[in-house]
file final36.csv (CSV, N, CA, C and O atoms)
chain,number,residue,atom,x,y,z
R,29,MET,N,11.7,-11.2,-21.2
R,29,MET,CA,12.2,-10.4,-20.1
R,29,MET,C,11.6,-9.0,-20.3
R,29,MET,O,11.5,-8.4,-21.3
R,30,PRO,N,11.0,-8.5,-19.2
R,30,PRO,CA,10.3,-7.2,-19.2
R,30,PRO,C,11.3,-6.1,-19.5
R,30,PRO,O,12.5,-6.1,-19.2
R,31,ASN,N,10.8,-5.0,-20.2
R,31,ASN,CA,11.6,-3.9,-20.5
R,31,ASN,C,12.1,-3.2,-19.2
R,31,ASN,O,11.3,-3.0,-18.3
R,32,GLU,N,13.4,-2.9,-19.1
R,32,GLU,CA,13.9,-2.3,-17.8
R,32,GLU,C,13.3,-0.9,-17.6
R,32,GLU,O,13.3,-0.5,-16.4
R,33,LYS,N,12.8,-0.3,-18.6
R,33,LYS,CA,12.3,1.1,-18.4
R,33,LYS,C,10.8,1.1,-18.0
R,33,LYS,O,10.2,2.1,-17.6
R,34,THR,N,10.2,-0.1,-18.1
R,34,THR,CA,8.8,-0.2,-17.7
R,34,THR,C,8.7,-0.3,-16.2
R,34,THR,O,9.4,-1.2,-15.6
R,35,PRO,N,8.0,0.6,-15.6
R,35,PRO,CA,7.9,0.6,-14.1
R,35,PRO,C,7.3,-0.7,-13.6
R,35,PRO,O,6.4,-1.2,-14.2
R,36,ALA,N,7.8,-1.1,-12.4
R,36,ALA,CA,7.2,-2.3,-11.8
R,36,ALA,C,5.8,-2.0,-11.3
R,36,ALA,O,5.5,-0.9,-10.9
R,37,LYS,N,4.9,-3.0,-11.3
R,37,LYS,CA,3.5,-2.9,-10.8
R,37,LYS,C,3.2,-4.0,-9.8
R,37,LYS,O,3.8,-5.0,-9.9
R,38,MET,N,2.2,-3.6,-9.0
R,38,MET,CA,1.7,-4.6,-8.0
R,38,MET,C,0.2,-4.3,-7.9
R,38,MET,O,-0.2,-3.2,-8.1
R,39,MET,N,-0.5,-5.3,-7.4
R,39,MET,CA,-2.0,-5.1,-7.2
R,39,MET,C,-2.2,-4.4,-5.8
R,39,MET,O,-1.5,-4.6,-4.9
R,40,LEU,N,-3.2,-3.5,-5.8
R,40,LEU,CA,-3.6,-2.8,-4.6
R,40,LEU,C,-4.0,-3.8,-3.5
R,40,LEU,O,-3.7,-3.5,-2.3
R,41,GLY,N,-4.5,-5.0,-3.8
R,41,GLY,CA,-4.8,-6.0,-2.8
R,41,GLY,C,-3.6,-6.4,-2.0
R,41,GLY,O,-3.8,-6.7,-0.8
R,42,PHE,N,-2.4,-6.4,-2.5
R,42,PHE,CA,-1.2,-6.7,-1.8
R,42,PHE,C,-1.0,-5.7,-0.7
R,42,PHE,O,-0.7,-6.0,0.5
R,43,VAL,N,-1.2,-4.4,-1.0
R,43,VAL,CA,-1.1,-3.3,0.0
R,43,VAL,C,-2.1,-3.5,1.1
R,43,VAL,O,-1.9,-3.4,2.3
R,44,VAL,N,-3.4,-3.8,0.7
R,44,VAL,CA,-4.5,-3.9,1.6
R,44,VAL,C,-4.2,-5.1,2.6
R,44,VAL,O,-4.4,-5.1,3.8
R,45,ARG,N,-3.6,-6.2,2.0
R,45,ARG,CA,-3.3,-7.4,2.8
R,45,ARG,C,-2.2,-7.0,3.9
R,45,ARG,O,-2.3,-7.4,5.0
R,46,GLN,N,-1.2,-6.2,3.5
R,46,GLN,CA,-0.2,-5.8,4.4
R,46,GLN,C,-0.8,-5.0,5.6
R,46,GLN,O,-0.4,-5.2,6.7
R,47,CYS,N,-1.7,-4.1,5.2
R,47,CYS,CA,-2.4,-3.3,6.2
R,47,CYS,C,-3.2,-4.2,7.2
R,47,CYS,O,-3.2,-4.1,8.4
R,48,ALA,N,-3.9,-5.2,6.6
R,48,ALA,CA,-4.7,-6.1,7.4
R,48,ALA,C,-3.9,-6.9,8.4
R,48,ALA,O,-4.3,-7.1,9.5
R,49,VAL,N,-2.7,-7.3,7.9
R,49,VAL,CA,-1.8,-8.0,8.8
R,49,VAL,C,-1.3,-7.1,10.0
R,49,VAL,O,-1.3,-7.5,11.1
R,50,ALA,N,-1.0,-5.9,9.6
R,50,ALA,CA,-0.6,-4.9,10.7
R,50,ALA,C,-1.6,-4.6,11.7
R,50,ALA,O,-1.4,-4.5,12.9
R,51,LEU,N,-2.9,-4.6,11.2
R,51,LEU,CA,-4.0,-4.2,12.1
R,51,LEU,C,-4.6,-5.5,12.8
R,51,LEU,O,-5.3,-5.3,13.8
R,52,GLY,N,-4.5,-6.6,12.2
R,52,GLY,CA,-5.1,-7.8,12.7
R,52,GLY,C,-6.5,-8.1,12.2
R,52,GLY,O,-7.2,-9.0,12.7
R,53,HIS,N,-7.0,-7.2,11.3
R,53,HIS,CA,-8.3,-7.4,10.7
R,53,HIS,C,-8.4,-6.6,9.4
R,53,HIS,O,-7.5,-5.8,9.1
R,54,ARG,N,-9.4,-6.9,8.6
R,54,ARG,CA,-9.6,-6.2,7.3
R,54,ARG,C,-9.8,-4.7,7.7
R,54,ARG,O,-10.7,-4.4,8.5
R,55,PRO,N,-9.1,-3.8,7.0
R,55,PRO,CA,-9.2,-2.4,7.4
R,55,PRO,C,-10.4,-1.7,6.9
R,55,PRO,O,-10.9,-2.0,5.8
R,56,SER,N,-10.9,-0.7,7.6
R,56,SER,CA,-11.9,0.2,7.1
R,56,SER,C,-11.2,1.2,6.3
R,56,SER,O,-10.0,1.3,6.3
R,57,PRO,N,-11.9,2.0,5.5
R,57,PRO,CA,-11.3,3.0,4.7
R,57,PRO,C,-10.5,4.0,5.6
R,57,PRO,O,-9.3,4.4,5.2
R,58,ALA,N,-11.0,4.4,6.7
R,58,ALA,CA,-10.3,5.3,7.6
R,58,ALA,C,-9.0,4.7,8.1
R,58,ALA,O,-7.9,5.3,8.2
R,59,GLU,N,-9.1,3.4,8.5
R,59,GLU,CA,-7.9,2.7,9.0
R,59,GLU,C,-6.8,2.6,7.9
R,59,GLU,O,-5.6,2.7,8.2
R,60,LEU,N,-7.2,2.2,6.7
R,60,LEU,CA,-6.3,2.1,5.6
R,60,LEU,C,-5.6,3.4,5.3
R,60,LEU,O,-4.4,3.5,5.1
R,61,ALA,N,-6.4,4.5,5.3
R,61,ALA,CA,-5.8,5.8,5.0
R,61,ALA,C,-4.8,6.2,6.1
R,61,ALA,O,-3.6,6.6,5.8
R,62,GLU,N,-5.1,6.0,7.4
R,62,GLU,CA,-4.2,6.3,8.5
R,62,GLU,C,-3.0,5.4,8.4
R,62,GLU,O,-1.9,6.0,8.6
R,63,TRP,N,-3.1,4.2,8.1
R,63,TRP,CA,-1.9,3.3,8.0
R,63,TRP,C,-1.0,3.7,6.9
R,63,TRP,O,0.2,3.8,7.0
R,64,ALA,N,-1.6,3.9,5.7
R,64,ALA,CA,-0.8,4.2,4.5
R,64,ALA,C,-0.1,5.6,4.6
R,64,ALA,O,0.9,5.8,4.1
R,65,ASN,N,-0.8,6.5,5.3
R,65,ASN,CA,-0.2,7.9,5.5
R,65,ASN,C,0.8,8.0,6.6
R,65,ASN,O,1.5,9.0,6.7
R,66,ASN,N,1.0,6.9,7.3
R,66,ASN,CA,1.9,7.0,8.5
R,66,ASN,C,2.9,5.8,8.6
R,66,ASN,O,3.1,5.2,9.6
R,67,GLN,N,3.6,5.6,7.5
R,67,GLN,CA,4.6,4.5,7.5
R,67,GLN,C,5.8,5.0,8.1
R,67,GLN,O,6.2,6.2,8.0
R,68,ARG,N,6.6,4.1,8.7
R,68,ARG,CA,7.9,4.5,9.3
R,68,ARG,C,9.0,3.5,8.8
R,68,ARG,O,8.7,2.3,8.7
R,69,GLU,N,10.1,4.1,8.6
R,69,GLU,CA,11.3,3.3,8.4
R,69,GLU,C,12.4,3.9,9.2
R,69,GLU,O,13.0,4.9,8.9
R,70,GLY,N,12.7,3.3,10.4
R,70,GLY,CA,13.6,3.9,11.3
R,70,GLY,C,13.0,5.2,11.8
R,70,GLY,O,11.9,5.2,12.3
R,71,ARG,N,13.7,6.3,11.7
R,71,ARG,CA,13.2,7.5,12.2
R,71,ARG,C,12.4,8.3,11.1
R,71,ARG,O,11.9,9.3,11.3
R,72,ARG,N,12.5,7.8,9.9
R,72,ARG,CA,11.9,8.4,8.7
R,72,ARG,C,10.4,8.1,8.6
R,72,ARG,O,10.0,6.9,8.7
R,73,ARG,N,9.5,9.0,8.4
R,73,ARG,CA,8.1,8.8,8.2
R,73,ARG,C,7.7,9.2,6.8
R,73,ARG,O,8.3,10.1,6.2
R,74,TYR,N,6.9,8.3,6.2
R,74,TYR,CA,6.5,8.6,4.8
R,74,TYR,C,5.1,8.1,4.5
R,74,TYR,O,4.5,7.3,5.3
R,75,CYS,N,4.6,8.5,3.4
R,75,CYS,CA,3.2,8.1,2.9
R,75,CYS,C,3.5,6.9,1.9
R,75,CYS,O,4.3,7.1,1.0
R,76,LEU,N,2.8,5.9,2.1
R,76,LEU,CA,3.0,4.7,1.2
R,76,LEU,C,2.7,4.9,-0.2
R,76,LEU,O,3.4,4.4,-1.1
R,77,PHE,N,1.8,5.8,-0.5
R,77,PHE,CA,1.4,6.1,-1.9
R,77,PHE,C,2.1,7.3,-2.5
R,77,PHE,O,1.7,7.8,-3.5
R,78,GLY,N,3.1,7.8,-1.8
R,78,GLY,CA,3.9,9.0,-2.3
R,78,GLY,C,3.3,10.3,-1.8
R,78,GLY,O,3.9,11.3,-1.9
R,79,ARG,N,2.1,10.3,-1.3
R,79,ARG,CA,1.4,11.4,-0.8
R,79,ARG,C,0.3,10.9,0.1
R,79,ARG,O,-0.1,9.7,0.0
R,80,ALA,N,-0.3,11.7,0.9
R,80,ALA,CA,-1.3,11.3,1.8
R,80,ALA,C,-2.6,11.0,1.0
R,80,ALA,O,-2.9,11.7,0.0
R,81,ILE,N,-3.3,9.9,1.4
R,81,ILE,CA,-4.6,9.6,0.7
R,81,ILE,C,-5.7,10.0,1.7
R,81,ILE,O,-5.5,10.0,2.9
R,82,THR,N,-6.8,10.2,1.1
R,82,THR,CA,-8.0,10.5,1.8
R,82,THR,C,-8.8,9.3,2.1
R,82,THR,O,-8.6,8.2,1.6
R,83,VAL,N,-9.8,9.4,3.0
R,83,VAL,CA,-10.6,8.2,3.3
R,83,VAL,C,-11.4,7.8,2.1
R,83,VAL,O,-11.6,6.6,1.8
R,84,ASP,N,-11.9,8.8,1.3
R,84,ASP,CA,-12.6,8.5,0.0
R,84,ASP,C,-11.7,7.7,-0.9
R,84,ASP,O,-12.1,6.8,-1.6
R,85,GLU,N,-10.4,8.1,-1.0
R,85,GLU,CA,-9.5,7.4,-1.9
R,85,GLU,C,-9.2,6.0,-1.4
R,85,GLU,O,-9.1,5.0,-2.1
R,86,ALA,N,-9.1,5.8,0.0
R,86,ALA,CA,-9.0,4.5,0.6
R,86,ALA,C,-10.2,3.6,0.3
R,86,ALA,O,-10.1,2.4,0.0
R,87,ARG,N,-11.4,4.2,0.3
R,87,ARG,CA,-12.6,3.5,0.0
R,87,ARG,C,-12.5,2.9,-1.5
R,87,ARG,O,-12.9,1.8,-1.7
R,88,VAL,N,-12.0,3.7,-2.4
R,88,VAL,CA,-11.9,3.3,-3.8
R,88,VAL,C,-10.8,2.1,-3.9
R,88,VAL,O,-11.1,1.1,-4.5
R,89,ILE,N,-9.7,2.3,-3.1
R,89,ILE,CA,-8.7,1.2,-3.1
R,89,ILE,C,-9.3,-0.1,-2.6
R,89,ILE,O,-9.0,-1.2,-3.2
R,90,LEU,N,-10.1,0.0,-1.6
R,90,LEU,CA,-10.7,-1.3,-1.0
R,90,LEU,C,-11.7,-1.9,-2.0
R,90,LEU,O,-11.9,-3.1,-2.0
R,91,ARG,N,-12.3,-1.1,-2.9
R,91,ARG,CA,-13.2,-1.7,-3.8
R,91,ARG,C,-12.6,-2.2,-5.1
R,91,ARG,O,-13.2,-3.0,-5.8
R,92,HIS,N,-11.3,-1.9,-5.3
R,92,HIS,CA,-10.6,-2.4,-6.5
R,92,HIS,C,-9.2,-3.0,-6.2
R,92,HIS,O,-8.2,-2.6,-6.6
R,93,PRO,N,-9.3,-4.1,-5.4
R,93,PRO,CA,-8.0,-4.7,-5.0
R,93,PRO,C,-7.2,-5.3,-6.2
R,93,PRO,O,-6.0,-5.5,-6.0
R,94,GLY,N,-7.8,-5.6,-7.3
R,94,GLY,CA,-7.1,-6.2,-8.4
R,94,GLY,C,-6.4,-5.2,-9.3
R,94,GLY,O,-5.8,-5.6,-10.3
R,95,ARG,N,-6.6,-3.9,-9.0
R,95,ARG,CA,-6.0,-2.9,-9.9
R,95,ARG,C,-4.5,-2.8,-9.7
R,95,ARG,O,-4.0,-2.7,-8.6
R,96,PRO,N,-3.7,-2.9,-10.8
R,96,PRO,CA,-2.3,-2.8,-10.7
R,96,PRO,C,-1.9,-1.3,-10.6
R,96,PRO,O,-2.4,-0.5,-11.2
R,97,VAL,N,-0.9,-1.1,-9.7
R,97,VAL,CA,-0.4,0.3,-9.5
R,97,VAL,C,1.1,0.2,-9.6
R,97,VAL,O,1.8,-0.8,-9.4
R,98,THR,N,1.7,1.3,-10.1
R,98,THR,CA,3.2,1.4,-10.2
R,98,THR,C,3.8,1.5,-8.9
R,98,THR,O,3.3,2.2,-8.0
R,99,VAL,N,4.9,0.8,-8.7
R,99,VAL,CA,5.7,0.9,-7.4
R,99,VAL,C,7.0,1.5,-7.7
R,99,VAL,O,7.6,1.3,-8.8
R,100,ARG,N,7.5,2.2,-6.7
R,100,ARG,CA,8.8,2.9,-6.9
R,100,ARG,C,10.0,1.9,-7.0
R,100,ARG,O,10.9,2.0,-7.7
R,101,SER,N,9.9,0.8,-6.2
R,101,SER,CA,11.0,-0.1,-6.1
R,101,SER,C,10.5,-1.5,-6.2
R,101,SER,O,9.5,-1.9,-5.6
R,102,ALA,N,11.1,-2.3,-7.0
R,102,ALA,CA,10.7,-3.7,-7.2
R,102,ALA,C,11.6,-4.6,-6.3
R,102,ALA,O,11.7,-5.8,-6.6
R,103,GLY,N,12.3,-4.0,-5.3
R,103,GLY,CA,13.1,-4.8,-4.4
R,103,GLY,C,12.4,-5.8,-3.6
R,103,GLY,O,11.1,-5.8,-3.6
R,104,PRO,N,13.1,-6.5,-2.8
R,104,PRO,CA,12.4,-7.5,-2.0
R,104,PRO,C,11.5,-6.9,-0.9
R,104,PRO,O,11.9,-5.9,-0.3
R,105,TYR,N,10.3,-7.4,-0.8
R,105,TYR,CA,9.3,-6.9,0.2
R,105,TYR,C,9.2,-7.9,1.3
R,105,TYR,O,9.4,-9.1,1.1
R,106,PRO,N,8.9,-7.4,2.5
R,106,PRO,CA,8.7,-8.4,3.6
R,106,PRO,C,7.5,-9.3,3.3
R,106,PRO,O,6.5,-8.8,2.7
R,107,LEU,N,7.6,-10.5,3.6
R,107,LEU,CA,6.5,-11.4,3.4
R,107,LEU,C,5.7,-11.5,4.7
R,107,LEU,O,6.3,-11.7,5.8
R,108,TYR,N,4.4,-11.4,4.6
R,108,TYR,CA,3.5,-11.4,5.8
R,108,TYR,C,2.7,-12.7,5.8
R,108,TYR,O,2.3,-13.1,4.7
R,109,SER,N,2.4,-13.2,6.9
R,109,SER,CA,1.5,-14.4,7.0
R,109,SER,C,0.3,-14.1,7.9
R,109,SER,O,0.5,-13.4,9.0
R,110,LEU,N,-0.8,-14.5,7.5
R,110,LEU,CA,-2.0,-14.3,8.4
R,110,LEU,C,-2.1,-15.4,9.4
R,110,LEU,O,-3.0,-15.4,10.3
R,111,ALA,N,-1.3,-16.4,9.4
R,111,ALA,CA,-1.3,-17.5,10.3
R,111,ALA,C,-0.8,-17.1,11.7
R,111,ALA,O,-0.2,-16.2,11.9
call {"tool": "encode", "arguments": {"input": "final36.csv", "output": "structure tokens"}}
result
Amino acid sequence: MPNEKTPAKMMLGFVVRQCAVALGHRPSPAELAEWANNQREGRRRYCLFGRAITVDEARVILRHPGRPVTVRSAGPYPLYSLA
């Protein structure tokens, strides 16, 4: 059983896949940055990575989809299908 104090992690590729489903195609760095920086939950707007990312940072994310990153909540995430 993992240590409860160890933050949950997920791969960047999962985030990129969610963006691709939302856009209907693989995102460019500019599209990924725009999507990640403008998430909405009801009336609340937030940045997916906790702060706005630049196009250059999005470019790095797209090059390293296997990199694990810490996530704030390990709660249930919506499941997306490309079908």
call {"tool": "atom_distance", "arguments": {"input": "final36.csv", "atom1": "CA of Val88 in chain R", "atom2": "CA of Pro35 in chain R"}}
result
22.5 Å
call {"tool": "residues_around", "arguments": {"input": "final36.csv", "residues": "range 95-97 of chain R", "least_positions_apart": "4", "cutoff": "4.5 Å", "atoms": "all atoms listed in the file", "output": "ChimeraX atom specification"}}
result
/R:36-40
call {"tool": "select_by_dssp", "arguments": {"input": "final36.csv", "residues": "chain R", "states": "helix (DSSP H, G or I)", "output": "PyMOL selection string"}}
result
chain R and resi 40-51+57-65+83-91
call {"tool": "atom_distance", "arguments": {"input": "final36.csv", "atom1": "atom N of Tyr74 in chain R", "atom2": "atom N of Lys33 in chain R"}}
result
26.9 Å
call {"tool": "select_by_dssp", "arguments": {"input": "final36.csv", "residues": "chain R", "states": "strand (DSSP E or B)", "output": "ChimeraX atom specification"}}
result
/R:37-39,67-69,72-74,96-98
call {"tool": "residues_around", "arguments": {"input": "final36.csv", "residues": "Cys47 in chain R", "least_positions_apart": "6", "cutoff": "12 Å", "atoms": "only C-alpha atoms", "output": "number ranges by chain"}}
result
R: 40-41, 53-67, 76, 86, 90, 108-110
call {"tool": "atom_distance", "arguments": {"input": "final36.csv", "atom1": "CA of Cys75 in chain R", "atom2": "CA of Val99 in chain R"}}
result
12.8 Å
call {"tool": "closest_residue", "arguments": {"input": "final36.csv", "among": "R:Gly52, R:Thr34, R:Glu69, R:Phe42", "to": "Gly94 in chain R", "atoms": "only N, CA, C and O atoms"}}
result
R:Phe42
call {"tool": "build_atoms", "arguments": {"input": "final36.csv", "residues": "range 65-76 of chain R", "atoms": "all heavy atoms", "output": "tab-separated table (two decimals), keeping the file's coordinate frame"}}
result
chain	number	residue	atom	x	y	z
R	65	ASN	N	-0.80	6.50	5.30
R	65	ASN	CA	-0.20	7.90	5.50
R	65	ASN	C	0.80	8.00	6.60
R	65	ASN	O	1.50	9.00	6.70
R	65	ASN	CB	-1.32	8.88	5.71
R	65	ASN	CG	-2.25	8.99	4.53
R	65	ASN	OD1	-1.91	8.63	3.41
R	65	ASN	ND2	-3.45	9.48	4.78
R	66	ASN	N	1.00	6.90	7.30
R	66	ASN	CA	1.90	7.00	8.50
R	66	ASN	C	2.90	5.80	8.60
R	66	ASN	O	3.10	5.20	9.60
R	66	ASN	CB	1.12	7.12	9.79
R	66	ASN	CG	0.39	8.43	9.87
R	66	ASN	OD1	1.02	9.48	9.99
R	66	ASN	ND2	-0.93	8.39	9.77
R	67	GLN	N	3.60	5.60	7.50
R	67	GLN	CA	4.60	4.50	7.50
R	67	GLN	C	5.80	5.00	8.10
R	67	GLN	O	6.20	6.20	8.00
R	67	GLN	CB	4.80	4.01	6.03
R	67	GLN	CG	3.62	3.28	5.43
R	67	GLN	CD	3.36	1.98	6.16
R	67	GLN	OE1	4.20	1.10	6.19
R	67	GLN	NE2	2.19	1.87	6.76
R	68	ARG	N	6.60	4.10	8.70
R	68	ARG	CA	7.90	4.50	9.30
R	68	ARG	C	9.00	3.50	8.80
R	68	ARG	O	8.70	2.30	8.70
R	68	ARG	CB	7.78	4.51	10.77
R	68	ARG	CG	6.84	5.55	11.28
R	68	ARG	CD	6.97	5.71	12.79
R	68	ARG	NE	5.98	6.62	13.30
R	68	ARG	CZ	6.04	7.94	13.20
R	68	ARG	NH1	7.05	8.49	12.57
R	68	ARG	NH2	5.10	8.71	13.69
R	69	GLU	N	10.10	4.10	8.60
R	69	GLU	CA	11.30	3.30	8.40
R	69	GLU	C	12.40	3.90	9.20
R	69	GLU	O	13.00	4.90	8.90
R	69	GLU	CB	11.70	3.30	6.90
R	69	GLU	CG	12.84	2.37	6.52
R	69	GLU	CD	13.06	2.35	5.04
R	69	GLU	OE1	12.23	1.76	4.33
R	69	GLU	OE2	14.05	2.95	4.60
R	70	GLY	N	12.70	3.30	10.40
R	70	GLY	CA	13.60	3.90	11.30
R	70	GLY	C	13.00	5.20	11.80
R	70	GLY	O	11.90	5.20	12.30
R	71	ARG	N	13.70	6.30	11.70
R	71	ARG	CA	13.20	7.50	12.20
R	71	ARG	C	12.40	8.30	11.10
R	71	ARG	O	11.90	9.30	11.30
R	71	ARG	CB	14.33	8.40	12.68
R	71	ARG	CG	14.96	7.77	13.93
R	71	ARG	CD	16.14	8.53	14.42
R	71	ARG	NE	15.74	9.90	14.74
R	71	ARG	CZ	16.52	10.77	15.32
R	71	ARG	NH1	17.74	10.43	15.65
R	71	ARG	NH2	16.10	11.98	15.58
R	72	ARG	N	12.50	7.80	9.90
R	72	ARG	CA	11.90	8.40	8.70
R	72	ARG	C	10.40	8.10	8.60
R	72	ARG	O	10.00	6.90	8.70
R	72	ARG	CB	12.57	7.97	7.43
R	72	ARG	CG	12.11	8.66	6.18
R	72	ARG	CD	12.97	8.24	5.00
R	72	ARG	NE	12.59	6.96	4.48
R	72	ARG	CZ	11.78	6.78	3.44
R	72	ARG	NH1	11.29	7.81	2.81
R	72	ARG	NH2	11.48	5.57	3.03
R	73	ARG	N	9.50	9.00	8.40
R	73	ARG	CA	8.10	8.80	8.20
R	73	ARG	C	7.70	9.20	6.80
R	73	ARG	O	8.30	10.10	6.20
R	73	ARG	CB	7.30	9.74	9.15
R	73	ARG	CG	5.81	9.54	9.05
R	73	ARG	CD	5.08	10.41	10.06
R	73	ARG	NE	3.69	10.46	9.67
R	73	ARG	CZ	3.10	11.52	9.12
R	73	ARG	NH1	3.75	12.63	8.94
R	73	ARG	NH2	1.85	11.47	8.76
R	74	TYR	N	6.90	8.30	6.20
R	74	TYR	CA	6.50	8.60	4.80
R	74	TYR	C	5.10	8.10	4.50
R	74	TYR	O	4.50	7.30	5.30
R	74	TYR	CB	7.51	7.91	3.80
R	74	TYR	CG	7.57	6.40	3.91
R	74	TYR	CD1	6.84	5.59	3.05
R	74	TYR	CD2	8.35	5.78	4.88
R	74	TYR	CE1	6.88	4.22	3.15
R	74	TYR	CE2	8.40	4.40	4.98
R	74	TYR	CZ	7.67	3.62	4.12
R	74	TYR	OH	7.71	2.26	4.22
R	75	CYS	N	4.60	8.50	3.40
R	75	CYS	CA	3.20	8.10	2.90
R	75	CYS	C	3.50	6.90	1.90
R	75	CYS	O	4.30	7.10	1.00
R	75	CYS	CB	2.47	9.21	2.24
R	75	CYS	SG	2.06	10.54	3.37
R	76	LEU	N	2.80	5.90	2.10
R	76	LEU	CA	3.00	4.70	1.20
R	76	LEU	C	2.70	4.90	-0.20
R	76	LEU	O	3.40	4.40	-1.10
R	76	LEU	CB	2.08	3.54	1.73
R	76	LEU	CG	2.35	2.18	1.15
R	76	LEU	CD1	3.71	1.67	1.59
R	76	LEU	CD2	1.29	1.20	1.59
